[in-house]
Amino acid sequence: MIEATSCGGVVIFRGKILLLYKNYKNKYEGWVLPKGTVENGEKHIETALREVSEETGVKATAIKYIGKSEYTFSTPQSVVHKSVHWYLMMADNYYSKPQKEEYFVDSGYYKYHEAYHLLKFPNEKQMLEKAYEMYQELKKNGAWVKPQ
C-alpha cells in the first residue's frame, strides 16, 4: 500500500464556495474542491495555498484548519491510502481560472446548497459542511476577517 498526503482548501468569497470541474479526455470527472500533493519540505498549509493558487488562480488566505479526510483507491500498480488536510480559506474577489493542464475545464463560486449537491465525493461534501459551519460561526462573531 502507498501512503499519500494532499492538502486543499474550501475557499469562500461572500458566502459562496469555489469549485472546480474536471473533465479528463471527455470523460465526466465531476466537481471537486481544489487540492494537491505535498511537495518535499512543504508545510501542509503551504501546500493547500499553493494548490488553490495553481488549480484556480485564486490567491486565498488561510483562516482555519478544518480537518483531515481519508480514502483509499486502486491504481494498476497498487492500492493508495490518501490523507487530505483541509483549510478554510477566504478569497478577496470572484476571479478564478481553472488549470487546463490538470484537466479542469470550469471553476466558479456557488451557494452552499448548490456546491454541496455539485460535489462528487462524499468526503469533500463532509469537509464542506464542517467548513461552512465554521464560516457561519466566524461571520456571526465578526471574526470572518483576513488575518493581519
# chains A, B, ... in the order shown; residues from 1 in each chain; ligands from 1

$ closest_atom_pairs --of "range 47-130 of chain A" --to "range 25-43 of chain A" --cutoff "6 Å" --atoms "only C-alpha atoms" --output "tab-separated table"
residue	atom	partner	partner_atom	distance
A:Thr47	CA	A:Val38	CA	5.5
A:Glu51	CA	A:Gly36	CA	5.6
A:Val52	CA	A:Pro34	CA	5.4
A:Leu118	CA	A:Trp31	CA	5.9
A:Leu119	CA	A:Trp31	CA	5.0
A:Lys120	CA	A:Gly30	CA	5.6

$ residues_around --residues "Gly57 in chain A" --least-positions-apart "6" --cutoff "8 Å" --atoms "only C-alpha atoms" --output "PyMOL selection string"
chain A and resi 95-99

$ write_last_selection --atoms "C-alpha atoms" --output "PDB file, in the first residue's frame"
ATOM      1  CA  TYR A  95     -11.974  35.689 -10.005  1.00  0.00           C
ATOM      2  CA  SER A  96     -10.948  32.114 -10.815  1.00  0.00           C
ATOM      3  CA  LYS A  97      -9.265  30.416 -13.755  1.00  0.00           C
ATOM      4  CA  PRO A  98      -9.253  26.595 -13.980  1.00  0.00           C
ATOM      5  CA  GLN A  99      -5.869  24.937 -14.565  1.00  0.00           C
TER       6      GLN A  99
END

$ select_by_dssp --residues "range 6-129 of chain A" --states "strand (DSSP E or B)" --output "PyMOL selection string"
chain A and resi 6-13+16-24+27-32+35-37+61-74+79-90+104-110+119

$ atom_distance --atom1 "CA of Tyr21 in chain A" --atom2 "CA of Thr75 in chain A"
22.0 Å

$ residues_around --residues "Thr5 in chain A" --least-positions-apart "4" --cutoff "6 Å" --atoms "only C-alpha atoms" --output "ChimeraX atom specification"
/A:82-84

$ write_last_selection --atoms "C-alpha atoms" --output "PDB file, in the first residue's frame"
ATOM      1  CA  LYS A  82      -4.701   9.080   0.836  1.00  0.00           C
ATOM      2  CA  SER A  83      -4.947  11.635   3.648  1.00  0.00           C
ATOM      3  CA  VAL A  84      -6.141  15.126   2.741  1.00  0.00           C
TER       4      VAL A  84
END

$ residues_around --residues "Glu129 in chain A" --least-positions-apart "4" --cutoff "10 Å" --atoms "only C-alpha atoms" --output "MDAnalysis selection string"
chainID A and resid 10 112:113 116 123:125 133:135

$ closest_residue --among "A:Lys64, A:Arg50, A:Lys16, A:His44" --to "Pro147 in chain A" --atoms "only C-alpha atoms"
A:Lys64

$ closest_residue --among "A:Leu20, A:Lys130, A:Asp92, A:Glu101" --to "Thr56 in chain A" --atoms "only C-alpha atoms"
A:Leu20

$ closest_residue --among "A:Tyr94, A:Trp144, A:Tyr65, A:Tyr71" --to "Ala4 in chain A" --atoms "only C-alpha atoms"
A:Tyr71

$ closest_residue --among "A:Ala60, A:Leu19, A:Val145, A:Gly8" --to "Glu114 in chain A" --atoms "only C-alpha atoms"
A:Leu19

$ atom_distance --atom1 "CA of Tyr103 in chain A" --atom2 "CA of Leu18 in chain A"
16.5 Å

$ select_by_dssp --residues "range 51-116 of chain A" --states "alpha helix (DSSP H)" --output "list in words"
Glu51, Val52, Ser53, Glu54, Glu55, Thr56, Tyr112, His113, Glu114, Ala115 and Tyr116 of chain A

$ decode --residues "range 38-102 of chain A" --atoms "C-alpha atoms" --output "PDB file, in the first residue's frame"
ATOM      1  CA  VAL A  38       2.549  17.928  -0.606  1.00  0.00           C
ATOM      2  CA  GLU A  39       5.988  18.691  -2.041  1.00  0.00           C
ATOM      3  CA  ASN A  40       9.241  17.992  -0.160  1.00  0.00           C
ATOM      4  CA  GLY A  41       9.840  20.421   2.692  1.00  0.00           C
ATOM      5  CA  GLU A  42       6.396  22.000   2.419  1.00  0.00           C
ATOM      6  CA  LYS A  43       4.120  22.573   5.399  1.00  0.00           C
ATOM      7  CA  HIS A  44       0.513  21.427   4.920  1.00  0.00           C
ATOM      8  CA  ILE A  45      -0.839  24.971   4.931  1.00  0.00           C
ATOM      9  CA  GLU A  46       1.720  25.994   2.268  1.00  0.00           C
ATOM     10  CA  THR A  47       0.634  23.078   0.060  1.00  0.00           C
ATOM     11  CA  ALA A  48      -3.037  23.984   0.452  1.00  0.00           C
ATOM     12  CA  LEU A  49      -2.441  27.637  -0.511  1.00  0.00           C
ATOM     13  CA  ARG A  50      -0.149  26.700  -3.432  1.00  0.00           C
ATOM     14  CA  GLU A  51      -2.586  24.129  -4.817  1.00  0.00           C
ATOM     15  CA  VAL A  52      -5.554  26.505  -4.587  1.00  0.00           C
ATOM     16  CA  SER A  53      -3.499  29.107  -6.444  1.00  0.00           C
ATOM     17  CA  GLU A  54      -2.232  26.667  -9.113  1.00  0.00           C
ATOM     18  CA  GLU A  55      -5.562  24.986  -9.776  1.00  0.00           C
ATOM     19  CA  THR A  56      -7.839  28.036  -9.627  1.00  0.00           C
ATOM     20  CA  GLY A  57      -5.680  31.159  -9.993  1.00  0.00           C
ATOM     21  CA  VAL A  58      -7.065  32.347  -6.643  1.00  0.00           C
ATOM     22  CA  LYS A  59      -4.751  33.948  -4.089  1.00  0.00           C
ATOM     23  CA  ALA A  60      -6.594  32.866  -0.953  1.00  0.00           C
ATOM     24  CA  THR A  61      -5.877  33.461   2.719  1.00  0.00           C
ATOM     25  CA  ALA A  62      -5.988  30.504   5.106  1.00  0.00           C
ATOM     26  CA  ILE A  63      -8.303  31.225   8.030  1.00  0.00           C
ATOM     27  CA  LYS A  64      -8.553  27.944   9.944  1.00  0.00           C
ATOM     28  CA  TYR A  65      -7.705  24.231   9.765  1.00  0.00           C
ATOM     29  CA  ILE A  66     -10.865  22.192   9.071  1.00  0.00           C
ATOM     30  CA  GLY A  67      -9.656  18.629   9.458  1.00  0.00           C
ATOM     31  CA  LYS A  68      -8.478  15.565   7.603  1.00  0.00           C
ATOM     32  CA  SER A  69     -10.307  13.251   5.234  1.00  0.00           C
ATOM     33  CA  GLU A  70      -9.037   9.805   4.280  1.00  0.00           C
ATOM     34  CA  TYR A  71      -9.833   7.398   1.482  1.00  0.00           C
ATOM     35  CA  THR A  72      -8.363   4.505  -0.442  1.00  0.00           C
ATOM     36  CA  PHE A  73      -8.274   3.872  -4.174  1.00  0.00           C
ATOM     37  CA  SER A  74      -6.630   1.388  -6.520  1.00  0.00           C
ATOM     38  CA  THR A  75      -4.179   2.015  -9.334  1.00  0.00           C
ATOM     39  CA  PRO A  76      -2.908  -0.661 -11.738  1.00  0.00           C
ATOM     40  CA  GLN A  77       0.276  -0.859  -9.624  1.00  0.00           C
ATOM     41  CA  SER A  78      -1.000  -0.656  -6.056  1.00  0.00           C
ATOM     42  CA  VAL A  79      -3.572   0.473  -3.518  1.00  0.00           C
ATOM     43  CA  VAL A  80      -3.230   4.079  -2.362  1.00  0.00           C
ATOM     44  CA  HIS A  81      -4.278   5.325   1.081  1.00  0.00           C
ATOM     45  CA  LYS A  82      -4.701   9.080   0.836  1.00  0.00           C
ATOM     46  CA  SER A  83      -4.947  11.635   3.648  1.00  0.00           C
ATOM     47  CA  VAL A  84      -6.141  15.126   2.741  1.00  0.00           C
ATOM     48  CA  HIS A  85      -5.706  18.065   5.123  1.00  0.00           C
ATOM     49  CA  TRP A  86      -8.304  20.799   4.550  1.00  0.00           C
ATOM     50  CA  TYR A  87      -8.241  24.530   5.351  1.00  0.00           C
ATOM     51  CA  LEU A  88     -10.994  27.112   5.431  1.00  0.00           C
ATOM     52  CA  MET A  89      -9.868  29.943   3.143  1.00  0.00           C
ATOM     53  CA  MET A  90     -11.003  33.405   2.178  1.00  0.00           C
ATOM     54  CA  ALA A  91     -10.755  34.871  -1.321  1.00  0.00           C
ATOM     55  CA  ASP A  92     -10.925  38.608  -1.917  1.00  0.00           C
ATOM     56  CA  ASN A  93     -12.839  38.501  -5.218  1.00  0.00           C
ATOM     57  CA  TYR A  94     -14.812  36.184  -7.524  1.00  0.00           C
ATOM     58  CA  TYR A  95     -11.974  35.689 -10.005  1.00  0.00           C
ATOM     59  CA  SER A  96     -10.948  32.114 -10.815  1.00  0.00           C
ATOM     60  CA  LYS A  97      -9.265  30.416 -13.755  1.00  0.00           C
ATOM     61  CA  PRO A  98      -9.253  26.595 -13.980  1.00  0.00           C
ATOM     62  CA  GLN A  99      -5.869  24.937 -14.565  1.00  0.00           C
ATOM     63  CA  LYS A 100      -6.190  23.312 -18.003  1.00  0.00           C
ATOM     64  CA  GLU A 101      -3.055  21.144 -17.514  1.00  0.00           C
ATOM     65  CA  GLU A 102      -4.864  19.313 -14.707  1.00  0.00           C
TER      66      GLU A 102
END
